[in-house]
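Enquirer: Quick one: the structure is below, and I'll ask about it shortly.
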Amino acid sequence: MNVPFLSLRDVNAPYSDELKAAAARVIDSGWYVMGEELASFEQEFAAYCGVTHAVGVGNGLDALSLILRGYKEMGRLRDGDEIIVPANTFIATFLAITSNRLVPVPVEPDPSTYNIDPARVAAALSAKTRAIMPVHLYGQLADMDALAEIAVRHRLLLIEDAAQAHGASRGGLRAGALGDAAGFSFFPAKNLGALGDAGAVVTRDRELALFVTALRNYGSGVKYQHIYQGFNSRLDEMQAAMLRVKLAHLDDDVTRRREVALRYRQEIRQPCLRLPAARTEEGHAWHLFVVRSAQRDVLKEHLGKRGVQCQVHYPVPVHRQPAYAALRGAHLPLTEQMHQEVLSLPLSPVMDEDAIAHVIDACNSFGAAA
Ligand SMILES: *Cc1c(COP(=O)(O)O)cnc(C)c1O
């Protein structure tokens with residue numbers, strides 16, 4: 001039996017009729033950029049997150065970049081300011097910072113959750129620190145209570161990279177409502193995925209929302225009047241229509257992800273394989289199910305031979321990438337160890353019973369083969 005890491009065709013198949021009807025609606029409308037589908041999606045996504053504003057943009061990286069650029073235009077950030085960021089994240093989090101001429105300060109994770117460790121954040125503060133940008137890695141909320149306390153005490157902005165955490169919540173507040181602003185990605189493989197690239201900024205800050213709205217559209221609030229040197233980073237009508245269809249099913253999809261993750265956590269019994277923990281059940285949206293093993297590469301090969309396709313998120317930490325040679329000397333042993341040990345098992349809302357059981361059996365047979 002083959003279990004693909006993620007089949008986007010299968011993920012979208014249950015909504016195929018609805019998606020095609022929505023696509024036809026857009027095609028027939030004759031209006032393809034900055035129209036009613038986007039306005040409706042922005043309202044619906046803001047309501048979903050429990051905030052007042054959502055601004056659709058081209059992708060998740062742009063969402064994060066435009067938040068920082070907006071704060072620069074507002075005078076809240078300046079060139080050279082330091083932003084604290086998890087050392088173990090996708091490179092986009094760093095790119096958003098450096099592309100704005102801000103300085104990323106990488107901080108190590110709590111090894112039990114993989115999320116940024118608040119105690120280490122406190123230790124990394126300097127006179128130049130202006131913001132903390134936690135990532136809800138693999139779909140699990142970072143420790144936002146502890147981070148918010150540090151942010152308030154030191155007057156720092158708290159910006160969520162929520163690209164992996166659509167639908168995770170804490171005390172009735174969803175990812176996106178737990179800081180000053182949040183960036184989401186709707187890349188097709190994310191928990192809420194478009195059929196192409198898309199992203200959004202969400203915030204309760206009306207001023208920031210206005211800045212981002214102008215910046216995504218050439219720095220213009222009124223046509224042909226350009227107040228800022230902006231970008232072209234818009235969420236088009238077709239993707240907005242696709243996202244409206246899928247947003248209505250997001251909670252069901254996340255529930256299904258939690259059920260699959262729970263099966264793995266209860267039934268994978270394998271001493272050389274460490275399972276991920278959820279601090280709370282609702283706080284984890286299970287974008288990825290990431291196990292750890294000192295024998296990661298052998299495990300990956302074992303699973304591959306049994307038709308279980310796995311991936312590594314991520315094989316090389318940002319500070320070891322050629323693009324960030326300036327960070328090469330950073331002392332980040334936990335992050336480096338994690339990158340050698342993590343393995344992502346297949347997890348999607350459309351996995352059937354046979355596929356789940358096959359992944360569990362393949363993991364449990366590892367010890368026997370090793
Ligand atoms: C996917 C992702 C992004 C970037 O989103 P894109 O839409 O691909 O630009 C940013 N941060 C994290 C943590 C992500 O996983």
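Identifiers in the structure tokens: chain A, B, ... in order shown; residue index from 1 per chain; ligand index from 1 in order shown.
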May I have a table of the residues of chain A lying at most 8 Å from ligand 1, giving each one's closest pair of atoms and their distance in Å to one decimal, counting only C-alpha atoms and all ligand atoms, ordered by chain and ascending residue number, as CSV?
Expert:
```
residue,atom,partner,partner_atom_place_in_ligand_line,distance
A:Gly58,CA,ligand 1,7 (O),7.7
A:Asn59,CA,ligand 1,7 (O),3.9
A:Gly60,CA,ligand 1,5 (O),3.4
A:Leu61,CA,ligand 1,9 (O),3.8
A:Asp62,CA,ligand 1,9 (O),6.5
A:Ala63,CA,ligand 1,9 (O),7.9
A:Leu64,CA,ligand 1,10 (C),7.6
A:Thr89,CA,ligand 1,13 (C),5.9
A:Phe90,CA,ligand 1,13 (C),5.0
A:Ile91,CA,ligand 1,11 (N),7.2
A:Ala92,CA,ligand 1,10 (C),4.7
A:Thr93,CA,ligand 1,11 (N),5.2
A:Val135,CA,ligand 1,13 (C),5.9
A:His136,CA,ligand 1,13 (C),7.3
A:Leu137,CA,ligand 1,13 (C),6.4
A:Tyr138,CA,ligand 1,15 (O),7.8
A:Asp161,CA,ligand 1,11 (N),5.9
A:Ala162,CA,ligand 1,13 (C),6.9
A:Ala163,CA,ligand 1,14 (C),4.7
A:Gln164,CA,ligand 1,15 (O),5.2
A:Gly183,CA,ligand 1,10 (C),7.9
A:Phe184,CA,ligand 1,5 (O),7.1
A:Ser185,CA,ligand 1,7 (O),4.1
A:Phe186,CA,ligand 1,7 (O),5.8
A:Phe187,CA,ligand 1,7 (O),4.7
A:Lys190,CA,ligand 1,1 (C),7.1
A:Asp197,CA,ligand 1,7 (O),6.1
A:Ala198,CA,ligand 1,7 (O),6.1
A:Gly199,CA,ligand 1,7 (O),5.9
```
Enquirer: Which neighbours of A:Leu192 fall inside 12 Å, counting only C-alpha atoms, when residues of the same chain fewer than 4 positions from it are skipped, and could you give them as an mmCIF file with all heavy atoms, in the first residue's frame?
Expert:
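Okay, selection_7.cif is ready:
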```cif
data_model
loop_
_atom_site.group_PDB
_atom_site.id
_atom_site.type_symbol
_atom_site.label_atom_id
_atom_site.label_comp_id
_atom_site.auth_asym_id
_atom_site.auth_seq_id
_atom_site.Cartn_x
_atom_site.Cartn_y
_atom_site.Cartn_z
ATOM 1 N N LEU A 8 -2.809 16.635 -2.887
ATOM 2 C CA LEU A 8 -3.680 17.820 -2.922
ATOM 3 C C LEU A 8 -4.946 17.533 -3.719
ATOM 4 O O LEU A 8 -5.991 18.122 -3.452
ATOM 5 C CB LEU A 8 -2.920 19.013 -3.501
ATOM 6 C CG LEU A 8 -1.839 19.556 -2.566
ATOM 7 C CD1 LEU A 8 -1.027 20.636 -3.259
ATOM 8 C CD2 LEU A 8 -2.445 20.109 -1.276
ATOM 9 N N VAL A 11 -7.211 16.053 -1.251
ATOM 10 C CA VAL A 11 -7.630 17.049 -0.267
ATOM 11 C C VAL A 11 -8.755 17.920 -0.837
ATOM 12 O O VAL A 11 -9.715 18.265 -0.142
ATOM 13 C CB VAL A 11 -6.418 17.930 0.155
ATOM 14 C CG1 VAL A 11 -6.866 19.206 0.854
ATOM 15 C CG2 VAL A 11 -5.485 17.131 1.066
ATOM 16 N N ASN A 12 -8.664 18.263 -2.133
ATOM 17 C CA ASN A 12 -9.663 19.154 -2.725
ATOM 18 C C ASN A 12 -10.862 18.426 -3.318
ATOM 19 O O ASN A 12 -11.903 19.051 -3.565
ATOM 20 C CB ASN A 12 -9.005 20.050 -3.784
ATOM 21 C CG ASN A 12 -8.121 21.113 -3.145
ATOM 22 O OD1 ASN A 12 -8.475 21.677 -2.121
ATOM 23 N ND2 ASN A 12 -6.954 21.362 -3.729
ATOM 24 N N PHE A 45 -12.821 35.741 6.790
ATOM 25 C CA PHE A 45 -11.620 35.249 7.465
ATOM 26 C C PHE A 45 -11.339 36.038 8.745
ATOM 27 O O PHE A 45 -10.928 35.460 9.758
ATOM 28 C CB PHE A 45 -10.407 35.265 6.527
ATOM 29 C CG PHE A 45 -9.247 34.477 7.072
ATOM 30 C CD1 PHE A 45 -9.363 33.107 7.294
ATOM 31 C CD2 PHE A 45 -8.045 35.101 7.395
ATOM 32 C CE1 PHE A 45 -8.311 32.369 7.830
ATOM 33 C CE2 PHE A 45 -6.980 34.369 7.929
ATOM 34 C CZ PHE A 45 -7.117 33.000 8.142
ATOM 35 N N TYR A 48 -13.628 34.615 11.223
ATOM 36 C CA TYR A 48 -13.157 33.291 11.641
ATOM 37 C C TYR A 48 -12.055 33.424 12.695
ATOM 38 O O TYR A 48 -12.056 32.728 13.707
ATOM 39 C CB TYR A 48 -12.638 32.494 10.438
ATOM 40 C CG TYR A 48 -12.124 31.133 10.819
ATOM 41 C CD1 TYR A 48 -12.994 30.060 10.981
ATOM 42 C CD2 TYR A 48 -10.767 30.933 11.067
ATOM 43 C CE1 TYR A 48 -12.529 28.814 11.372
ATOM 44 C CE2 TYR A 48 -10.293 29.694 11.454
ATOM 45 C CZ TYR A 48 -11.174 28.638 11.608
ATOM 46 O OH TYR A 48 -10.710 27.420 12.018
ATOM 47 N N GLY A 60 2.101 34.080 1.851
ATOM 48 C CA GLY A 60 2.408 34.194 3.273
ATOM 49 C C GLY A 60 3.633 35.042 3.565
ATOM 50 O O GLY A 60 3.667 35.799 4.542
ATOM 51 N N GLY A 139 1.693 23.786 13.415
ATOM 52 C CA GLY A 139 0.265 23.948 13.724
ATOM 53 C C GLY A 139 -0.025 24.128 15.200
ATOM 54 O O GLY A 139 -1.176 24.338 15.584
ATOM 55 N N ALA A 162 1.472 32.787 11.483
ATOM 56 C CA ALA A 162 0.413 31.787 11.645
ATOM 57 C C ALA A 162 0.240 30.933 10.394
ATOM 58 O O ALA A 162 -0.801 30.298 10.200
ATOM 59 C CB ALA A 162 -0.897 32.490 12.007
ATOM 60 N N ALA A 163 1.273 30.888 9.559
ATOM 61 C CA ALA A 163 1.176 30.219 8.255
ATOM 62 C C ALA A 163 0.853 28.726 8.359
ATOM 63 O O ALA A 163 0.390 28.127 7.399
ATOM 64 C CB ALA A 163 2.478 30.397 7.475
ATOM 65 N N GLN A 164 1.117 28.129 9.548
ATOM 66 C CA GLN A 164 0.867 26.689 9.693
ATOM 67 C C GLN A 164 -0.279 26.395 10.660
ATOM 68 O O GLN A 164 -0.530 25.238 10.974
ATOM 69 C CB GLN A 164 2.153 25.996 10.185
ATOM 70 C CG GLN A 164 3.335 26.215 9.249
ATOM 71 C CD GLN A 164 4.563 25.387 9.612
ATOM 72 O OE1 GLN A 164 4.578 24.696 10.625
ATOM 73 N NE2 GLN A 164 5.584 25.454 8.768
ATOM 74 N N ALA A 165 -0.955 27.439 11.160
ATOM 75 C CA ALA A 165 -1.800 27.215 12.340
ATOM 76 C C ALA A 165 -3.261 27.606 12.177
ATOM 77 O O ALA A 165 -3.956 27.802 13.174
ATOM 78 C CB ALA A 165 -1.202 27.965 13.532
ATOM 79 N N HIS A 166 -3.776 27.683 10.949
ATOM 80 C CA HIS A 166 -5.193 27.986 10.749
ATOM 81 C C HIS A 166 -6.028 27.037 11.592
ATOM 82 O O HIS A 166 -5.916 25.814 11.448
ATOM 83 C CB HIS A 166 -5.615 27.797 9.292
ATOM 84 C CG HIS A 166 -4.593 28.210 8.270
ATOM 85 N ND1 HIS A 166 -3.400 27.566 8.120
ATOM 86 C CD2 HIS A 166 -4.623 29.193 7.355
ATOM 87 C CE1 HIS A 166 -2.723 28.141 7.149
ATOM 88 N NE2 HIS A 166 -3.438 29.140 6.672
ATOM 89 N N GLY A 167 -6.843 27.594 12.468
ATOM 90 C CA GLY A 167 -7.767 26.752 13.229
ATOM 91 C C GLY A 167 -7.277 26.344 14.607
ATOM 92 O O GLY A 167 -8.046 25.801 15.390
ATOM 93 N N ALA A 168 -6.017 26.618 14.945
ATOM 94 C CA ALA A 168 -5.561 26.350 16.320
ATOM 95 C C ALA A 168 -6.131 27.448 17.220
ATOM 96 O O ALA A 168 -6.249 28.596 16.802
ATOM 97 C CB ALA A 168 -4.035 26.355 16.387
ATOM 98 N N PHE A 184 -0.788 35.012 7.530
ATOM 99 C CA PHE A 184 -1.221 33.670 7.130
ATOM 100 C C PHE A 184 -0.774 33.400 5.707
ATOM 101 O O PHE A 184 -0.738 34.304 4.871
ATOM 102 C CB PHE A 184 -2.752 33.544 7.176
ATOM 103 C CG PHE A 184 -3.315 33.328 8.551
ATOM 104 C CD1 PHE A 184 -3.722 34.416 9.320
ATOM 105 C CD2 PHE A 184 -3.447 32.050 9.074
ATOM 106 C CE1 PHE A 184 -4.250 34.226 10.590
ATOM 107 C CE2 PHE A 184 -3.975 31.856 10.343
ATOM 108 C CZ PHE A 184 -4.383 32.946 11.105
ATOM 109 N N SER A 185 -0.498 32.139 5.427
ATOM 110 C CA SER A 185 -0.277 31.670 4.055
ATOM 111 C C SER A 185 -1.432 30.750 3.679
ATOM 112 O O SER A 185 -1.893 29.962 4.506
ATOM 113 C CB SER A 185 1.023 30.874 3.974
ATOM 114 O OG SER A 185 1.071 30.121 2.770
ATOM 115 N N PHE A 186 -1.885 30.849 2.440
ATOM 116 C CA PHE A 186 -2.859 29.895 1.903
ATOM 117 C C PHE A 186 -2.249 29.101 0.756
ATOM 118 O O PHE A 186 -2.936 28.726 -0.194
ATOM 119 C CB PHE A 186 -4.130 30.630 1.449
ATOM 120 C CG PHE A 186 -4.725 31.532 2.496
ATOM 121 C CD1 PHE A 186 -4.847 32.897 2.261
ATOM 122 C CD2 PHE A 186 -5.143 31.035 3.721
ATOM 123 C CE1 PHE A 186 -5.381 33.746 3.215
ATOM 124 C CE2 PHE A 186 -5.676 31.876 4.694
ATOM 125 C CZ PHE A 186 -5.798 33.239 4.444
ATOM 126 N N PHE A 187 -0.942 28.902 0.821
ATOM 127 C CA PHE A 187 -0.268 27.974 -0.100
ATOM 128 C C PHE A 187 -1.093 26.673 -0.119
ATOM 129 O O PHE A 187 -1.648 26.285 0.910
ATOM 130 C CB PHE A 187 1.161 27.751 0.423
ATOM 131 C CG PHE A 187 2.009 26.859 -0.427
ATOM 132 C CD1 PHE A 187 2.514 27.313 -1.637
ATOM 133 C CD2 PHE A 187 2.314 25.571 -0.019
ATOM 134 C CE1 PHE A 187 3.305 26.489 -2.427
ATOM 135 C CE2 PHE A 187 3.097 24.744 -0.798
ATOM 136 C CZ PHE A 187 3.593 25.208 -2.011
ATOM 137 N N PRO A 188 -1.190 26.000 -1.275
ATOM 138 C CA PRO A 188 -2.118 24.867 -1.376
ATOM 139 C C PRO A 188 -1.962 23.795 -0.295
ATOM 140 O O PRO A 188 -2.947 23.160 0.087
ATOM 141 C CB PRO A 188 -1.805 24.295 -2.769
ATOM 142 C CG PRO A 188 -1.325 25.466 -3.556
ATOM 143 C CD PRO A 188 -0.568 26.339 -2.577
ATOM 144 N N GLY A 196 -3.538 27.912 -5.546
ATOM 145 C CA GLY A 196 -2.443 28.715 -6.060
ATOM 146 C C GLY A 196 -1.884 29.459 -4.859
ATOM 147 O O GLY A 196 -2.123 29.048 -3.727
ATOM 148 N N ASP A 197 -1.169 30.539 -5.105
ATOM 149 C CA ASP A 197 -0.612 31.306 -3.988
ATOM 150 C C ASP A 197 -1.612 32.317 -3.455
ATOM 151 O O ASP A 197 -2.364 32.936 -4.212
ATOM 152 C CB ASP A 197 0.636 32.065 -4.455
ATOM 153 C CG ASP A 197 1.893 31.204 -4.397
ATOM 154 O OD1 ASP A 197 2.111 30.557 -3.357
ATOM 155 O OD2 ASP A 197 2.645 31.194 -5.385
ATOM 156 N N ALA A 198 -1.588 32.502 -2.141
ATOM 157 C CA ALA A 198 -2.412 33.534 -1.499
ATOM 158 C C ALA A 198 -1.969 33.659 -0.048
ATOM 159 O O ALA A 198 -1.329 32.751 0.502
ATOM 160 C CB ALA A 198 -3.898 33.178 -1.556
ATOM 161 N N GLY A 199 -2.298 34.799 0.560
ATOM 162 C CA GLY A 199 -1.974 35.012 1.969
ATOM 163 C C GLY A 199 -2.854 36.107 2.528
ATOM 164 O O GLY A 199 -3.640 36.723 1.800
ATOM 165 N N ALA A 200 -2.732 36.345 3.845
ATOM 166 C CA ALA A 200 -3.519 37.425 4.458
ATOM 167 C C ALA A 200 -2.812 37.944 5.699
ATOM 168 O O ALA A 200 -2.116 37.200 6.395
ATOM 169 C CB ALA A 200 -4.923 36.946 4.831
ATOM 170 N N GLN A 239 -8.705 33.072 -6.443
ATOM 171 C CA GLN A 239 -8.232 32.429 -5.206
ATOM 172 C C GLN A 239 -9.131 32.779 -4.027
ATOM 173 O O GLN A 239 -9.383 31.942 -3.155
ATOM 174 C CB GLN A 239 -6.775 32.807 -4.922
ATOM 175 C CG GLN A 239 -5.777 32.293 -5.959
ATOM 176 C CD GLN A 239 -5.916 30.807 -6.236
ATOM 177 O OE1 GLN A 239 -6.356 30.037 -5.393
ATOM 178 N NE2 GLN A 239 -5.539 30.402 -7.440
ATOM 179 N N ALA A 240 -9.620 34.015 -3.981
ATOM 180 C CA ALA A 240 -10.532 34.393 -2.891
ATOM 181 C C ALA A 240 -11.781 33.515 -2.927
ATOM 182 O O ALA A 240 -12.266 33.045 -1.886
ATOM 183 C CB ALA A 240 -10.901 35.870 -2.997
ATOM 184 N N MET A 242 -12.025 30.457 -4.186
ATOM 185 C CA MET A 242 -11.646 29.102 -3.766
ATOM 186 C C MET A 242 -11.551 29.042 -2.233
ATOM 187 O O MET A 242 -12.008 28.097 -1.587
ATOM 188 C CB MET A 242 -10.295 28.697 -4.381
ATOM 189 C CG MET A 242 -10.228 28.692 -5.906
ATOM 190 S SD MET A 242 -11.330 27.516 -6.699
ATOM 191 C CE MET A 242 -12.647 28.589 -7.240
ATOM 192 N N LEU A 243 -10.936 30.083 -1.669
ATOM 193 C CA LEU A 243 -10.737 30.109 -0.210
ATOM 194 C C LEU A 243 -12.060 30.231 0.540
ATOM 195 O O LEU A 243 -12.209 29.675 1.637
ATOM 196 C CB LEU A 243 -9.791 31.265 0.161
ATOM 197 C CG LEU A 243 -8.324 30.993 -0.210
ATOM 198 C CD1 LEU A 243 -7.506 32.280 -0.171
ATOM 199 C CD2 LEU A 243 -7.724 29.955 0.740
ATOM 200 N N ARG A 244 -13.040 30.939 -0.033
ATOM 201 C CA ARG A 244 -14.347 31.046 0.642
ATOM 202 C C ARG A 244 -14.998 29.672 0.735
ATOM 203 O O ARG A 244 -15.597 29.332 1.757
ATOM 204 C CB ARG A 244 -15.257 32.010 -0.121
ATOM 205 C CG ARG A 244 -14.784 33.439 -0.037
ATOM 206 C CD ARG A 244 -15.732 34.357 -0.767
ATOM 207 N NE ARG A 244 -17.004 34.466 -0.053
ATOM 208 C CZ ARG A 244 -18.126 34.924 -0.608
ATOM 209 N NH1 ARG A 244 -18.148 35.294 -1.879
ATOM 210 N NH2 ARG A 244 -19.217 35.015 0.119
ATOM 211 N N VAL A 245 -14.881 28.880 -0.335
ATOM 212 C CA VAL A 245 -15.430 27.518 -0.300
ATOM 213 C C VAL A 245 -14.742 26.727 0.811
ATOM 214 O O VAL A 245 -15.390 26.091 1.644
ATOM 215 C CB VAL A 245 -15.208 26.801 -1.657
ATOM 216 C CG1 VAL A 245 -15.510 25.312 -1.544
ATOM 217 C CG2 VAL A 245 -16.049 27.461 -2.750
ATOM 218 N N LYS A 246 -13.423 26.802 0.857
ATOM 219 C CA LYS A 246 -12.689 25.929 1.768
ATOM 220 C C LYS A 246 -12.727 26.404 3.217
ATOM 221 O O LYS A 246 -12.687 25.592 4.137
ATOM 222 C CB LYS A 246 -11.258 25.742 1.265
ATOM 223 C CG LYS A 246 -11.263 24.949 -0.066
ATOM 224 C CD LYS A 246 -9.906 24.543 -0.522
ATOM 225 C CE LYS A 246 -9.324 23.491 0.399
ATOM 226 N NZ LYS A 246 -7.936 23.158 -0.028
ATOM 227 N N LEU A 247 -12.854 27.724 3.413
ATOM 228 C CA LEU A 247 -12.945 28.238 4.796
ATOM 229 C C LEU A 247 -14.164 27.648 5.512
ATOM 230 O O LEU A 247 -14.101 27.336 6.701
ATOM 231 C CB LEU A 247 -13.012 29.778 4.782
ATOM 232 C CG LEU A 247 -13.167 30.456 6.146
ATOM 233 C CD1 LEU A 247 -12.013 30.096 7.080
ATOM 234 C CD2 LEU A 247 -13.272 31.975 5.991
ATOM 235 N N ALA A 248 -15.257 27.476 4.769
ATOM 236 C CA ALA A 248 -16.478 26.938 5.391
ATOM 237 C C ALA A 248 -16.257 25.519 5.918
ATOM 238 O O ALA A 248 -16.996 25.056 6.785
ATOM 239 C CB ALA A 248 -17.629 26.963 4.379
ATOM 240 N N HIS A 249 -15.242 24.823 5.400
ATOM 241 C CA HIS A 249 -14.986 23.435 5.828
ATOM 242 C C HIS A 249 -13.744 23.319 6.711
ATOM 243 O O HIS A 249 -13.358 22.213 7.093
ATOM 244 C CB HIS A 249 -14.785 22.550 4.595
ATOM 245 C CG HIS A 249 -15.975 22.531 3.676
ATOM 246 N ND1 HIS A 249 -17.133 21.858 3.988
ATOM 247 C CD2 HIS A 249 -16.191 23.120 2.476
ATOM 248 C CE1 HIS A 249 -18.017 22.023 3.004
ATOM 249 N NE2 HIS A 249 -17.471 22.783 2.079
ATOM 250 N N LEU A 250 -13.108 24.454 7.022
ATOM 251 C CA LEU A 250 -11.823 24.384 7.731
ATOM 252 C C LEU A 250 -11.942 23.694 9.085
ATOM 253 O O LEU A 250 -11.113 22.853 9.431
ATOM 254 C CB LEU A 250 -11.235 25.804 7.884
ATOM 255 C CG LEU A 250 -9.943 25.907 8.686
ATOM 256 C CD1 LEU A 250 -8.826 25.064 8.079
ATOM 257 C CD2 LEU A 250 -9.488 27.364 8.793
ATOM 258 N N ASP A 251 -12.964 24.046 9.858
ATOM 259 C CA ASP A 251 -13.069 23.434 11.188
ATOM 260 C C ASP A 251 -13.234 21.918 11.103
ATOM 261 O O ASP A 251 -12.648 21.181 11.902
ATOM 262 C CB ASP A 251 -14.223 24.061 11.977
ATOM 263 C CG ASP A 251 -13.794 25.375 12.634
ATOM 264 O OD1 ASP A 251 -12.575 25.616 12.751
ATOM 265 O OD2 ASP A 251 -14.685 26.149 13.031
ATOM 266 N N ASP A 252 -14.021 21.452 10.125
ATOM 267 C CA ASP A 252 -14.175 19.997 9.954
ATOM 268 C C ASP A 252 -12.839 19.358 9.579
ATOM 269 O O ASP A 252 -12.486 18.283 10.074
ATOM 270 C CB ASP A 252 -15.197 19.688 8.849
ATOM 271 C CG ASP A 252 -16.621 20.006 9.307
ATOM 272 O OD1 ASP A 252 -16.847 20.130 10.526
ATOM 273 O OD2 ASP A 252 -17.498 20.135 8.432
ATOM 274 N N ASP A 253 -12.088 20.034 8.706
ATOM 275 C CA ASP A 253 -10.782 19.496 8.300
ATOM 276 C C ASP A 253 -9.827 19.431 9.485
ATOM 277 O O ASP A 253 -9.094 18.446 9.645
ATOM 278 C CB ASP A 253 -10.154 20.382 7.210
ATOM 279 C CG ASP A 253 -10.750 20.103 5.822
ATOM 280 O OD1 ASP A 253 -11.576 19.180 5.704
ATOM 281 O OD2 ASP A 253 -10.383 20.817 4.878
ATOM 282 N N VAL A 254 -9.828 20.472 10.308
ATOM 283 C CA VAL A 254 -8.916 20.487 11.464
ATOM 284 C C VAL A 254 -9.324 19.403 12.466
ATOM 285 O O VAL A 254 -8.470 18.716 13.035
ATOM 286 C CB VAL A 254 -8.867 21.892 12.119
ATOM 287 C CG1 VAL A 254 -8.093 21.850 13.428
ATOM 288 C CG2 VAL A 254 -8.232 22.897 11.162
ATOM 289 N N ALA A 285 -3.308 22.481 15.556
ATOM 290 C CA ALA A 285 -4.100 22.252 14.340
ATOM 291 C C ALA A 285 -3.452 21.203 13.437
ATOM 292 O O ALA A 285 -3.939 20.954 12.338
ATOM 293 C CB ALA A 285 -4.299 23.557 13.574
ATOM 294 N N HIS A 287 -0.877 20.821 11.391
ATOM 295 C CA HIS A 287 -0.461 21.016 10.002
ATOM 296 C C HIS A 287 0.520 19.902 9.614
ATOM 297 O O HIS A 287 0.447 19.351 8.520
ATOM 298 C CB HIS A 287 0.185 22.391 9.843
ATOM 299 C CG HIS A 287 0.808 22.600 8.501
ATOM 300 N ND1 HIS A 287 0.105 22.469 7.336
ATOM 301 C CD2 HIS A 287 2.077 22.905 8.135
ATOM 302 C CE1 HIS A 287 0.915 22.699 6.304
ATOM 303 N NE2 HIS A 287 2.108 22.948 6.761
ATOM 304 N N SER A 348 -3.326 14.052 6.685
ATOM 305 C CA SER A 348 -4.233 14.949 5.975
ATOM 306 C C SER A 348 -5.660 14.625 6.374
ATOM 307 O O SER A 348 -5.933 13.532 6.888
ATOM 308 C CB SER A 348 -4.061 14.815 4.456
ATOM 309 O OG SER A 348 -4.897 13.798 3.964
ATOM 310 N N PRO A 349 -6.582 15.560 6.153
ATOM 311 C CA PRO A 349 -7.960 15.325 6.574
ATOM 312 C C PRO A 349 -8.660 14.227 5.772
ATOM 313 O O PRO A 349 -9.715 13.778 6.178
ATOM 314 C CB PRO A 349 -8.657 16.677 6.349
ATOM 315 C CG PRO A 349 -7.697 17.561 5.672
ATOM 316 C CD PRO A 349 -6.361 16.905 5.608
#
```
Enquirer: Report as JSON, numbers by chain: the residues of stretch 20-158 of chain A with a DSSP assignment of helix (DSSP H, G or I), based on the backbone of this structure.
Expert: {"A": [20, 21, 22, 23, 24, 25, 26, 27, 28, 29, 36, 37, 38, 39, 40, 41, 42, 43, 44, 45, 46, 47, 48, 49, 60, 61, 62, 63, 64, 65, 66, 67, 68, 69, 70, 71, 72, 73, 91, 92, 93, 94, 95, 96, 97, 98, 118, 119, 120, 121, 122, 123, 124, 137, 138, 139, 144, 145, 146, 147, 148, 149, 150, 151, 152, 153, 154]}
Enquirer: Which neighbours of A:Arg279 fall inside 10 Å, counting only C-alpha atoms, when residues of the same chain fewer than 6 positions from it are skipped, and could you give them as a PyMOL selection string?
Expert: chain A and resi 112-113+140-143
Enquirer: Would you export the selected residues with C-alpha atoms as a compact mmCIF listing (two decimals), in the first residue's frame, please?
Expert:
```
# COMPACT_ATOMS: atom_id res chain seq x y z
CA SER A 112 9.08 19.44 24.02
CA THR A 113 6.95 21.60 21.68
CA GLN A 140 0.80 24.23 17.48
CA LEU A 141 0.37 27.62 19.13
CA ALA A 142 3.52 29.09 20.62
CA ASP A 143 3.34 29.94 24.33
```
Enquirer: Which is closer to A:Leu77 than all the others in A:Ile97, A:Leu173, A:Leu332, A:Ala24, using only C-alpha atoms?
Expert: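 Once distances to A:Leu77 are computed over only C-alpha atoms, the minimum belongs to A:Ile97.
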Enquirer: Please provide the set of residues having any atom within 12 Å of stretch 118-129 of chain A, restricted to only C-alpha atoms, with same-chain residues fewer than 6 positions apart removed, written as a PyMOL selection string.
Expert: chain A and resi 76-87+102-110+142-151+153-158+332
Enquirer: List every residue of stretch 235-274 of chain A that has an atom at most 6 Å from any atom of stretch 29-39 of chain A, giving for each one its closest atom pair and the distance in Å to one decimal, counting only C-alpha atoms, sorted by chain and then by ascending residue number, as JSON lines.
Expert:
```
{"residue": "A:Asp236", "atom": "CA", "partner": "A:Val33", "partner_atom": "CA", "distance": 4.8}
{"residue": "A:Glu237", "atom": "CA", "partner": "A:Tyr32", "partner_atom": "CA", "distance": 5.0}
{"residue": "A:Ala240", "atom": "CA", "partner": "A:Leu38", "partner_atom": "CA", "distance": 5.2}
{"residue": "A:Ala241", "atom": "CA", "partner": "A:Glu37", "partner_atom": "CA", "distance": 5.6}
```
Enquirer: Write to file, as a PDB file, in the first residue's frame, the residues of the selection just made, with N, CA, C and O atoms.
Expert:
```
ATOM      1  N   ASP A 236      -6.120  37.472  -5.665  1.00  0.00           N
ATOM      2  CA  ASP A 236      -7.062  37.674  -6.781  1.00  0.00           C
ATOM      3  C   ASP A 236      -8.428  37.036  -6.502  1.00  0.00           C
ATOM      4  O   ASP A 236      -8.595  36.233  -5.592  1.00  0.00           O
ATOM      5  N   GLU A 237      -9.397  37.408  -7.337  1.00  0.00           N
ATOM      6  CA  GLU A 237     -10.780  36.978  -7.127  1.00  0.00           C
ATOM      7  C   GLU A 237     -10.933  35.463  -7.192  1.00  0.00           C
ATOM      8  O   GLU A 237     -11.720  34.874  -6.450  1.00  0.00           O
ATOM      9  N   ALA A 240      -9.620  34.015  -3.981  1.00  0.00           N
ATOM     10  CA  ALA A 240     -10.532  34.393  -2.891  1.00  0.00           C
ATOM     11  C   ALA A 240     -11.781  33.515  -2.927  1.00  0.00           C
ATOM     12  O   ALA A 240     -12.266  33.045  -1.886  1.00  0.00           O
ATOM     13  N   ALA A 241     -12.290  33.247  -4.133  1.00  0.00           N
ATOM     14  CA  ALA A 241     -13.495  32.409  -4.262  1.00  0.00           C
ATOM     15  C   ALA A 241     -13.208  30.974  -3.817  1.00  0.00           C
ATOM     16  O   ALA A 241     -14.025  30.343  -3.140  1.00  0.00           O
TER      17      ALA A 241
END
```
Enquirer: Closest to A:Glu44 among A:Val202, A:Met74, A:Val290, A:Ile27, using only C-alpha atoms?
Expert: A:Val202
Enquirer: I need the residue nearest A:Val222 from this list: A:Ala13, A:Gln309, A:Leu210, A:Arg101. Use only C-alpha atoms for the distance.
Expert: A:Leu210
